[in-house]
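Report on the structure given below.
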Amino acid sequence: MRGAGVTTVPHARLGDWRGVWIWVRHACAVVSVPADWAETVARSLRSATASSVHDPSLPEALFGDDVDTTIGPTFLGAVTAERFVSAPSDSVRPLEPSDGPAIEVFRSAIEAQQWQHGAIDLRPGAARGEIMAAFDDGQILAMAAMREDAPGVCDPGVVTHPQARGRGLGRAVVSAVTERALGRGEVVLYQTLEANLPAVALARRLGYERYARNIAIRLRNPAVA
């Protein structure tokens with residue numbers, strides 16, 4: 001991944017997912033595809049460059065009518081303890097069992113899609129480390145948690161109350177979970193759509209730096225072209 005060029009590989013960790021995952025870092029690109037597409041795509045991208053595989057016209061050129069949805073490009077960031085810029089807040093603390101009613105009120109104020117994108121799993125033991133929340137007079141206004149990407153690797157999910165945006169509370173709760181993960185010696189990543197400018201700005205203000213970008217392409221037709 002430190003070299004230049006485009007490498008096409010059949011899915012490994014993605015299993016039998018009917019989609020394409022394109023990862024780009026500097027002059028290197030990796031294109032992960034279903035096994036039955038690998039040879040066709042590798043042949044089509046033989047002379048491609050890392051910059052060309054993020055061309056908006058590429059999915060249709062490769063897969064035609066089999067393209068269902070294109071997601072991205074996505075900002076992929078990472079932070080180290082040396083680069084981390086803490087944003088502490090007295091309003092932030094870990095969730096406790098007694099916070100159940102406040103959690104329910106907060107959850108009911110969040111749209112389903114926003115909650116899904118926030119990627120916070122409230123089931124006991126599901127989050128990597130503590131779930132942190134920003135409170136105001138007993139009301140939860142923002143919440144963040146780490147999810148495990150791989151052993152020793154995690155990334156934060158965050159959700160902010162619609163009426164509390166722009167107050168720095170999302171940054172405060174992400175700061176809290178990031179600090180704890182770095183303290184555990186974990187590799188801390190961050191991902192969000194590049195079009196989500198507030199989320200990208202939040203990450204950068206905490207010291208996260210871009211290390212790569214990716215695009216996901218969902219395919220609707222399982223047949224080989």
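Chain identifiers are assigned as A, B, and so on, following the order in which chains appear in the structure tokens; residues are numbered from 1 within each chain, and ligands are numbered from 1 in order of appearance.
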
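Residue neighbourhood of Pro151 (chain A), excluding near-sequence residues (fewer than 6 positions): Arg128, Gly185, Glu186, Val187 and Val188 of chain A, at 12 Å, using only C-alpha atoms.
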
Suppose we keep N, CA, C and O atoms; can you now write the selection as a PDB file, in the first residue's frame?
ATOM      1  N   ARG A 128     -16.985  -0.049  22.249  1.00  0.00           N
ATOM      2  CA  ARG A 128     -15.589  -0.243  22.631  1.00  0.00           C
ATOM      3  C   ARG A 128     -15.240   0.823  23.658  1.00  0.00           C
ATOM      4  O   ARG A 128     -15.013   1.973  23.317  1.00  0.00           O
ATOM      5  N   GLY A 185      -4.053   2.583  24.210  1.00  0.00           N
ATOM      6  CA  GLY A 185      -3.045   2.197  23.226  1.00  0.00           C
ATOM      7  C   GLY A 185      -3.625   1.708  21.914  1.00  0.00           C
ATOM      8  O   GLY A 185      -2.940   1.024  21.153  1.00  0.00           O
ATOM      9  N   GLU A 186      -4.865   2.066  21.605  1.00  0.00           N
ATOM     10  CA  GLU A 186      -5.500   1.588  20.389  1.00  0.00           C
ATOM     11  C   GLU A 186      -5.185   2.490  19.198  1.00  0.00           C
ATOM     12  O   GLU A 186      -4.826   3.664  19.351  1.00  0.00           O
ATOM     13  N   VAL A 187      -5.343   1.934  18.008  1.00  0.00           N
ATOM     14  CA  VAL A 187      -5.266   2.708  16.776  1.00  0.00           C
ATOM     15  C   VAL A 187      -6.637   3.348  16.574  1.00  0.00           C
ATOM     16  O   VAL A 187      -7.652   2.643  16.510  1.00  0.00           O
ATOM     17  N   VAL A 188      -6.668   4.669  16.496  1.00  0.00           N
ATOM     18  CA  VAL A 188      -7.941   5.381  16.442  1.00  0.00           C
ATOM     19  C   VAL A 188      -8.136   6.000  15.062  1.00  0.00           C
ATOM     20  O   VAL A 188      -7.349   6.850  14.631  1.00  0.00           O
TER      21      VAL A 188
END

Cys154 (chain A) environment, 12 Å, only C-alpha atoms, sequence neighbours closer than 2 positions dropped, as a PDB file with all heavy atoms, in the first residue's frame:
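The new file out_13.pdb reads:
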ATOM      1  N   GLY A  77      -9.724   9.256   8.360  1.00  0.00           N
ATOM      2  CA  GLY A  77      -8.728   9.953   9.167  1.00  0.00           C
ATOM      3  C   GLY A  77      -8.164   9.068  10.258  1.00  0.00           C
ATOM      4  O   GLY A  77      -8.675   7.981  10.536  1.00  0.00           O
ATOM      5  N   ALA A  78      -7.101   9.542  10.872  1.00  0.00           N
ATOM      6  CA  ALA A  78      -6.473   8.839  11.988  1.00  0.00           C
ATOM      7  C   ALA A  78      -5.818   9.867  12.886  1.00  0.00           C
ATOM      8  O   ALA A  78      -5.457  10.969  12.439  1.00  0.00           O
ATOM      9  CB  ALA A  78      -5.431   7.839  11.491  1.00  0.00           C
ATOM     10  N   VAL A  79      -5.669   9.522  14.154  1.00  0.00           N
ATOM     11  CA  VAL A  79      -5.038  10.433  15.104  1.00  0.00           C
ATOM     12  C   VAL A  79      -4.112   9.632  16.023  1.00  0.00           C
ATOM     13  O   VAL A  79      -4.381   8.468  16.324  1.00  0.00           O
ATOM     14  CB  VAL A  79      -6.093  11.200  15.933  1.00  0.00           C
ATOM     15  CG1 VAL A  79      -6.842  10.273  16.889  1.00  0.00           C
ATOM     16  CG2 VAL A  79      -5.475  12.366  16.691  1.00  0.00           C
ATOM     17  N   ALA A 127     -20.321  -1.255  22.819  1.00  0.00           N
ATOM     18  CA  ALA A 127     -19.376  -0.200  22.486  1.00  0.00           C
ATOM     19  C   ALA A 127     -17.973  -0.576  22.949  1.00  0.00           C
ATOM     20  O   ALA A 127     -17.794  -1.323  23.916  1.00  0.00           O
ATOM     21  CB  ALA A 127     -19.799   1.124  23.121  1.00  0.00           C
ATOM     22  N   ARG A 128     -16.985  -0.049  22.249  1.00  0.00           N
ATOM     23  CA  ARG A 128     -15.589  -0.243  22.631  1.00  0.00           C
ATOM     24  C   ARG A 128     -15.240   0.823  23.658  1.00  0.00           C
ATOM     25  O   ARG A 128     -15.013   1.973  23.317  1.00  0.00           O
ATOM     26  CB  ARG A 128     -14.698  -0.123  21.395  1.00  0.00           C
ATOM     27  CG  ARG A 128     -13.214  -0.304  21.659  1.00  0.00           C
ATOM     28  CD  ARG A 128     -12.909  -1.726  22.066  1.00  0.00           C
ATOM     29  NE  ARG A 128     -11.476  -1.927  22.239  1.00  0.00           N
ATOM     30  CZ  ARG A 128     -10.955  -2.963  22.859  1.00  0.00           C
ATOM     31  NH1 ARG A 128     -11.745  -3.890  23.361  1.00  0.00           N
ATOM     32  NH2 ARG A 128      -9.645  -3.098  22.970  1.00  0.00           N
ATOM     33  N   GLY A 129     -15.224   0.472  24.934  1.00  0.00           N
ATOM     34  CA  GLY A 129     -15.000   1.462  25.976  1.00  0.00           C
ATOM     35  C   GLY A 129     -16.311   2.101  26.406  1.00  0.00           C
ATOM     36  O   GLY A 129     -17.396   1.609  26.102  1.00  0.00           O
ATOM     37  N   ALA A 145     -19.421   7.138  20.996  1.00  0.00           N
ATOM     38  CA  ALA A 145     -18.903   5.850  21.428  1.00  0.00           C
ATOM     39  C   ALA A 145     -17.934   5.338  20.385  1.00  0.00           C
ATOM     40  O   ALA A 145     -18.008   5.702  19.211  1.00  0.00           O
ATOM     41  CB  ALA A 145     -20.030   4.840  21.631  1.00  0.00           C
ATOM     42  N   MET A 146     -17.015   4.490  20.804  1.00  0.00           N
ATOM     43  CA  MET A 146     -16.092   3.845  19.884  1.00  0.00           C
ATOM     44  C   MET A 146     -16.657   2.482  19.471  1.00  0.00           C
ATOM     45  O   MET A 146     -17.215   1.755  20.274  1.00  0.00           O
ATOM     46  CB  MET A 146     -14.724   3.638  20.549  1.00  0.00           C
ATOM     47  CG  MET A 146     -13.882   4.889  20.661  1.00  0.00           C
ATOM     48  SD  MET A 146     -13.340   5.463  19.032  1.00  0.00           S
ATOM     49  CE  MET A 146     -12.374   6.924  19.520  1.00  0.00           C
ATOM     50  N   ARG A 147     -16.491   2.168  18.183  1.00  0.00           N
ATOM     51  CA  ARG A 147     -16.814   0.831  17.704  1.00  0.00           C
ATOM     52  C   ARG A 147     -15.523   0.165  17.263  1.00  0.00           C
ATOM     53  O   ARG A 147     -14.599   0.827  16.784  1.00  0.00           O
ATOM     54  CB  ARG A 147     -17.817   0.874  16.554  1.00  0.00           C
ATOM     55  CG  ARG A 147     -17.335   1.641  15.343  1.00  0.00           C
ATOM     56  CD  ARG A 147     -18.379   1.681  14.260  1.00  0.00           C
ATOM     57  NE  ARG A 147     -17.948   2.505  13.145  1.00  0.00           N
ATOM     58  CZ  ARG A 147     -18.683   2.749  12.064  1.00  0.00           C
ATOM     59  NH1 ARG A 147     -19.896   2.236  11.975  1.00  0.00           N
ATOM     60  NH2 ARG A 147     -18.218   3.503  11.088  1.00  0.00           N
ATOM     61  N   GLU A 148     -15.465  -1.129  17.427  1.00  0.00           N
ATOM     62  CA  GLU A 148     -14.254  -1.867  17.103  1.00  0.00           C
ATOM     63  C   GLU A 148     -14.237  -2.234  15.624  1.00  0.00           C
ATOM     64  O   GLU A 148     -15.148  -2.888  15.115  1.00  0.00           O
ATOM     65  CB  GLU A 148     -14.155  -3.127  17.952  1.00  0.00           C
ATOM     66  CG  GLU A 148     -12.848  -3.883  17.781  1.00  0.00           C
ATOM     67  CD  GLU A 148     -12.729  -5.053  18.728  1.00  0.00           C
ATOM     68  OE1 GLU A 148     -13.497  -6.010  18.555  1.00  0.00           O
ATOM     69  OE2 GLU A 148     -11.890  -5.007  19.637  1.00  0.00           O
ATOM     70  N   ASP A 149     -13.205  -1.813  14.908  1.00  0.00           N
ATOM     71  CA  ASP A 149     -13.033  -2.176  13.505  1.00  0.00           C
ATOM     72  C   ASP A 149     -12.268  -3.490  13.368  1.00  0.00           C
ATOM     73  O   ASP A 149     -12.500  -4.275  12.448  1.00  0.00           O
ATOM     74  CB  ASP A 149     -12.269  -1.078  12.759  1.00  0.00           C
ATOM     75  CG  ASP A 149     -13.079   0.211  12.672  1.00  0.00           C
ATOM     76  OD1 ASP A 149     -14.316   0.128  12.697  1.00  0.00           O
ATOM     77  OD2 ASP A 149     -12.481   1.296  12.576  1.00  0.00           O
ATOM     78  N   ALA A 150     -11.315  -3.685  14.255  1.00  0.00           N
ATOM     79  CA  ALA A 150     -10.486  -4.890  14.306  1.00  0.00           C
ATOM     80  C   ALA A 150      -9.861  -4.888  15.693  1.00  0.00           C
ATOM     81  O   ALA A 150      -9.931  -3.878  16.406  1.00  0.00           O
ATOM     82  CB  ALA A 150      -9.419  -4.861  13.218  1.00  0.00           C
ATOM     83  N   PRO A 151      -9.275  -5.990  16.131  1.00  0.00           N
ATOM     84  CA  PRO A 151      -8.639  -5.979  17.452  1.00  0.00           C
ATOM     85  C   PRO A 151      -7.625  -4.839  17.578  1.00  0.00           C
ATOM     86  O   PRO A 151      -6.696  -4.719  16.782  1.00  0.00           O
ATOM     87  CB  PRO A 151      -7.960  -7.349  17.505  1.00  0.00           C
ATOM     88  CG  PRO A 151      -8.804  -8.216  16.633  1.00  0.00           C
ATOM     89  CD  PRO A 151      -9.238  -7.326  15.505  1.00  0.00           C
ATOM     90  N   GLY A 152      -7.841  -3.970  18.558  1.00  0.00           N
ATOM     91  CA  GLY A 152      -6.931  -2.848  18.785  1.00  0.00           C
ATOM     92  C   GLY A 152      -7.145  -1.664  17.871  1.00  0.00           C
ATOM     93  O   GLY A 152      -6.368  -0.709  17.911  1.00  0.00           O
ATOM     94  N   PRO A 156     -14.779   6.442  16.154  1.00  0.00           N
ATOM     95  CA  PRO A 156     -15.898   6.977  16.918  1.00  0.00           C
ATOM     96  C   PRO A 156     -17.155   7.165  16.086  1.00  0.00           C
ATOM     97  O   PRO A 156     -17.106   7.502  14.906  1.00  0.00           O
ATOM     98  CB  PRO A 156     -15.371   8.334  17.401  1.00  0.00           C
ATOM     99  CG  PRO A 156     -14.444   8.763  16.297  1.00  0.00           C
ATOM    100  CD  PRO A 156     -13.817   7.493  15.790  1.00  0.00           C
ATOM    101  N   GLY A 157     -18.288   6.955  16.742  1.00  0.00           N
ATOM    102  CA  GLY A 157     -19.578   7.354  16.209  1.00  0.00           C
ATOM    103  C   GLY A 157     -20.109   8.468  17.098  1.00  0.00           C
ATOM    104  O   GLY A 157     -19.855   8.467  18.308  1.00  0.00           O
ATOM    105  N   VAL A 177     -14.112  10.157  23.984  1.00  0.00           N
ATOM    106  CA  VAL A 177     -13.911   8.745  23.637  1.00  0.00           C
ATOM    107  C   VAL A 177     -12.562   8.538  22.946  1.00  0.00           C
ATOM    108  O   VAL A 177     -11.928   7.488  23.101  1.00  0.00           O
ATOM    109  CB  VAL A 177     -15.060   8.195  22.761  1.00  0.00           C
ATOM    110  CG1 VAL A 177     -16.361   8.191  23.540  1.00  0.00           C
ATOM    111  CG2 VAL A 177     -15.199   8.960  21.447  1.00  0.00           C
ATOM    112  N   THR A 178     -12.105   9.557  22.205  1.00  0.00           N
ATOM    113  CA  THR A 178     -10.791   9.452  21.555  1.00  0.00           C
ATOM    114  C   THR A 178      -9.688   9.397  22.596  1.00  0.00           C
ATOM    115  O   THR A 178      -8.764   8.571  22.499  1.00  0.00           O
ATOM    116  CB  THR A 178     -10.563  10.659  20.619  1.00  0.00           C
ATOM    117  OG1 THR A 178     -11.553  10.659  19.582  1.00  0.00           O
ATOM    118  CG2 THR A 178      -9.179  10.601  19.987  1.00  0.00           C
ATOM    119  N   ARG A 180      -9.791   8.356  25.642  1.00  0.00           N
ATOM    120  CA  ARG A 180      -9.790   7.072  26.342  1.00  0.00           C
ATOM    121  C   ARG A 180      -9.221   5.960  25.460  1.00  0.00           C
ATOM    122  O   ARG A 180      -8.482   5.095  25.944  1.00  0.00           O
ATOM    123  CB  ARG A 180     -11.211   6.741  26.800  1.00  0.00           C
ATOM    124  CG  ARG A 180     -11.617   7.537  28.047  1.00  0.00           C
ATOM    125  CD  ARG A 180     -13.123   7.618  28.217  1.00  0.00           C
ATOM    126  NE  ARG A 180     -13.448   8.290  29.472  1.00  0.00           N
ATOM    127  CZ  ARG A 180     -13.334   9.601  29.681  1.00  0.00           C
ATOM    128  NH1 ARG A 180     -12.865  10.379  28.722  1.00  0.00           N
ATOM    129  NH2 ARG A 180     -13.658  10.127  30.855  1.00  0.00           N
ATOM    130  N   ALA A 181      -9.560   5.975  24.174  1.00  0.00           N
ATOM    131  CA  ALA A 181      -9.039   4.943  23.278  1.00  0.00           C
ATOM    132  C   ALA A 181      -7.536   5.067  23.104  1.00  0.00           C
ATOM    133  O   ALA A 181      -6.812   4.059  23.099  1.00  0.00           O
ATOM    134  CB  ALA A 181      -9.735   5.041  21.919  1.00  0.00           C
ATOM    135  N   LEU A 182      -7.046   6.290  22.971  1.00  0.00           N
ATOM    136  CA  LEU A 182      -5.599   6.492  22.864  1.00  0.00           C
ATOM    137  C   LEU A 182      -4.907   6.045  24.156  1.00  0.00           C
ATOM    138  O   LEU A 182      -3.809   5.486  24.120  1.00  0.00           O
ATOM    139  CB  LEU A 182      -5.295   7.957  22.572  1.00  0.00           C
ATOM    140  CG  LEU A 182      -5.683   8.459  21.172  1.00  0.00           C
ATOM    141  CD1 LEU A 182      -5.501   9.978  21.098  1.00  0.00           C
ATOM    142  CD2 LEU A 182      -4.859   7.767  20.098  1.00  0.00           C
ATOM    143  N   ARG A 184      -5.773   3.626  25.936  1.00  0.00           N
ATOM    144  CA  ARG A 184      -5.710   2.164  25.930  1.00  0.00           C
ATOM    145  C   ARG A 184      -4.687   1.654  24.924  1.00  0.00           C
ATOM    146  O   ARG A 184      -4.505   0.448  24.775  1.00  0.00           O
ATOM    147  CB  ARG A 184      -7.087   1.577  25.583  1.00  0.00           C
ATOM    148  CG  ARG A 184      -8.177   1.859  26.611  1.00  0.00           C
ATOM    149  CD  ARG A 184      -9.422   1.012  26.342  1.00  0.00           C
ATOM    150  NE  ARG A 184     -10.063   1.349  25.074  1.00  0.00           N
ATOM    151  CZ  ARG A 184     -11.047   2.236  24.936  1.00  0.00           C
ATOM    152  NH1 ARG A 184     -11.489   2.910  26.002  1.00  0.00           N
ATOM    153  NH2 ARG A 184     -11.589   2.461  23.755  1.00  0.00           N
ATOM    154  N   GLY A 185      -4.053   2.583  24.210  1.00  0.00           N
ATOM    155  CA  GLY A 185      -3.045   2.197  23.226  1.00  0.00           C
ATOM    156  C   GLY A 185      -3.625   1.708  21.914  1.00  0.00           C
ATOM    157  O   GLY A 185      -2.940   1.024  21.153  1.00  0.00           O
ATOM    158  N   GLU A 186      -4.865   2.066  21.605  1.00  0.00           N
ATOM    159  CA  GLU A 186      -5.500   1.588  20.389  1.00  0.00           C
ATOM    160  C   GLU A 186      -5.185   2.490  19.198  1.00  0.00           C
ATOM    161  O   GLU A 186      -4.826   3.664  19.351  1.00  0.00           O
ATOM    162  CB  GLU A 186      -7.019   1.488  20.592  1.00  0.00           C
ATOM    163  CG  GLU A 186      -7.393   0.501  21.679  1.00  0.00           C
ATOM    164  CD  GLU A 186      -8.896   0.307  21.818  1.00  0.00           C
ATOM    165  OE1 GLU A 186      -9.647   1.145  21.288  1.00  0.00           O
ATOM    166  OE2 GLU A 186      -9.304  -0.674  22.460  1.00  0.00           O
ATOM    167  N   VAL A 187      -5.343   1.934  18.008  1.00  0.00           N
ATOM    168  CA  VAL A 187      -5.266   2.708  16.776  1.00  0.00           C
ATOM    169  C   VAL A 187      -6.637   3.348  16.574  1.00  0.00           C
ATOM    170  O   VAL A 187      -7.652   2.643  16.510  1.00  0.00           O
ATOM    171  CB  VAL A 187      -4.916   1.819  15.565  1.00  0.00           C
ATOM    172  CG1 VAL A 187      -4.966   2.627  14.272  1.00  0.00           C
ATOM    173  CG2 VAL A 187      -3.535   1.197  15.754  1.00  0.00           C
ATOM    174  N   VAL A 188      -6.668   4.669  16.496  1.00  0.00           N
ATOM    175  CA  VAL A 188      -7.941   5.381  16.442  1.00  0.00           C
ATOM    176  C   VAL A 188      -8.136   6.000  15.062  1.00  0.00           C
ATOM    177  O   VAL A 188      -7.349   6.850  14.631  1.00  0.00           O
ATOM    178  CB  VAL A 188      -8.018   6.471  17.533  1.00  0.00           C
ATOM    179  CG1 VAL A 188      -9.396   7.124  17.521  1.00  0.00           C
ATOM    180  CG2 VAL A 188      -7.725   5.874  18.906  1.00  0.00           C
ATOM    181  N   LEU A 189      -9.179   5.565  14.376  1.00  0.00           N
ATOM    182  CA  LEU A 189      -9.506   6.039  13.044  1.00  0.00           C
ATOM    183  C   LEU A 189     -10.764   6.910  13.092  1.00  0.00           C
ATOM    184  O   LEU A 189     -11.388   7.047  14.131  1.00  0.00           O
ATOM    185  CB  LEU A 189      -9.726   4.854  12.101  1.00  0.00           C
ATOM    186  CG  LEU A 189      -8.608   3.802  12.066  1.00  0.00           C
ATOM    187  CD1 LEU A 189      -8.979   2.680  11.103  1.00  0.00           C
ATOM    188  CD2 LEU A 189      -7.276   4.437  11.671  1.00  0.00           C
ATOM    189  N   TYR A 190     -11.118   7.465  11.953  1.00  0.00           N
ATOM    190  CA  TYR A 190     -12.311   8.314  11.871  1.00  0.00           C
ATOM    191  C   TYR A 190     -12.791   8.271  10.433  1.00  0.00           C
ATOM    192  O   TYR A 190     -11.993   8.431   9.502  1.00  0.00           O
ATOM    193  CB  TYR A 190     -11.961   9.755  12.253  1.00  0.00           C
ATOM    194  CG  TYR A 190     -13.133  10.701  12.384  1.00  0.00           C
ATOM    195  CD1 TYR A 190     -13.637  11.050  13.629  1.00  0.00           C
ATOM    196  CD2 TYR A 190     -13.729  11.284  11.271  1.00  0.00           C
ATOM    197  CE1 TYR A 190     -14.700  11.923  13.772  1.00  0.00           C
ATOM    198  CE2 TYR A 190     -14.793  12.161  11.396  1.00  0.00           C
ATOM    199  CZ  TYR A 190     -15.275  12.477  12.652  1.00  0.00           C
ATOM    200  OH  TYR A 190     -16.330  13.353  12.779  1.00  0.00           O
ATOM    201  N   GLN A 191     -14.082   8.035  10.225  1.00  0.00           N
ATOM    202  CA  GLN A 191     -14.592   8.054   8.868  1.00  0.00           C
ATOM    203  C   GLN A 191     -15.933   8.758   8.792  1.00  0.00           C
ATOM    204  O   GLN A 191     -16.786   8.602   9.666  1.00  0.00           O
ATOM    205  CB  GLN A 191     -14.696   6.643   8.303  1.00  0.00           C
ATOM    206  CG  GLN A 191     -15.581   5.681   9.060  1.00  0.00           C
ATOM    207  CD  GLN A 191     -15.612   4.300   8.401  1.00  0.00           C
ATOM    208  OE1 GLN A 191     -15.492   4.179   7.188  1.00  0.00           O
ATOM    209  NE2 GLN A 191     -15.766   3.269   9.205  1.00  0.00           N
TER     210      GLN A 191
END

Which residues in region 77-196 of chain A does DSSP call helix (DSSP H, G or I)? List them as an MDAnalysis selection string. chainID A and resid 97:108 112:118 162:164 169:183

Nearest to Ile131 (chain A): which of A:Ser175, A:Gln163, A:Thr40, A:Asn196 is it, counting only C-alpha atoms?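 Looking at the shortest contact to Ile131 (chain A), the residue is A:Ser175.
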
Would you mind telling me which residue in A:Ile217, A:Ala176, A:Met143, A:Gly168 lies nearest to Ala201 (chain A) when using only C-alpha atoms?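 Checking each candidate against Ala201 (chain A), we get A:Gly168 as the closest.
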
Please, which residues of region 15-58 of chain A, numbered as in this document, come out strand (DSSP E or B) from DSSP, as a list in words? Gly19, Val20, Trp21, Ile22, Trp23, Val24, Arg25, Cys28, Ala29, Val30, Val31, Ser32 and Val33 of chain A

Excluding Trp17 (chain A) and residues on its chain fewer than 6 positions from it, collect all residues at most 9 Å away from it, counting only C-alpha atoms, and give them as JSON, numbers by chain. {"A": [11, 33, 34, 218]}
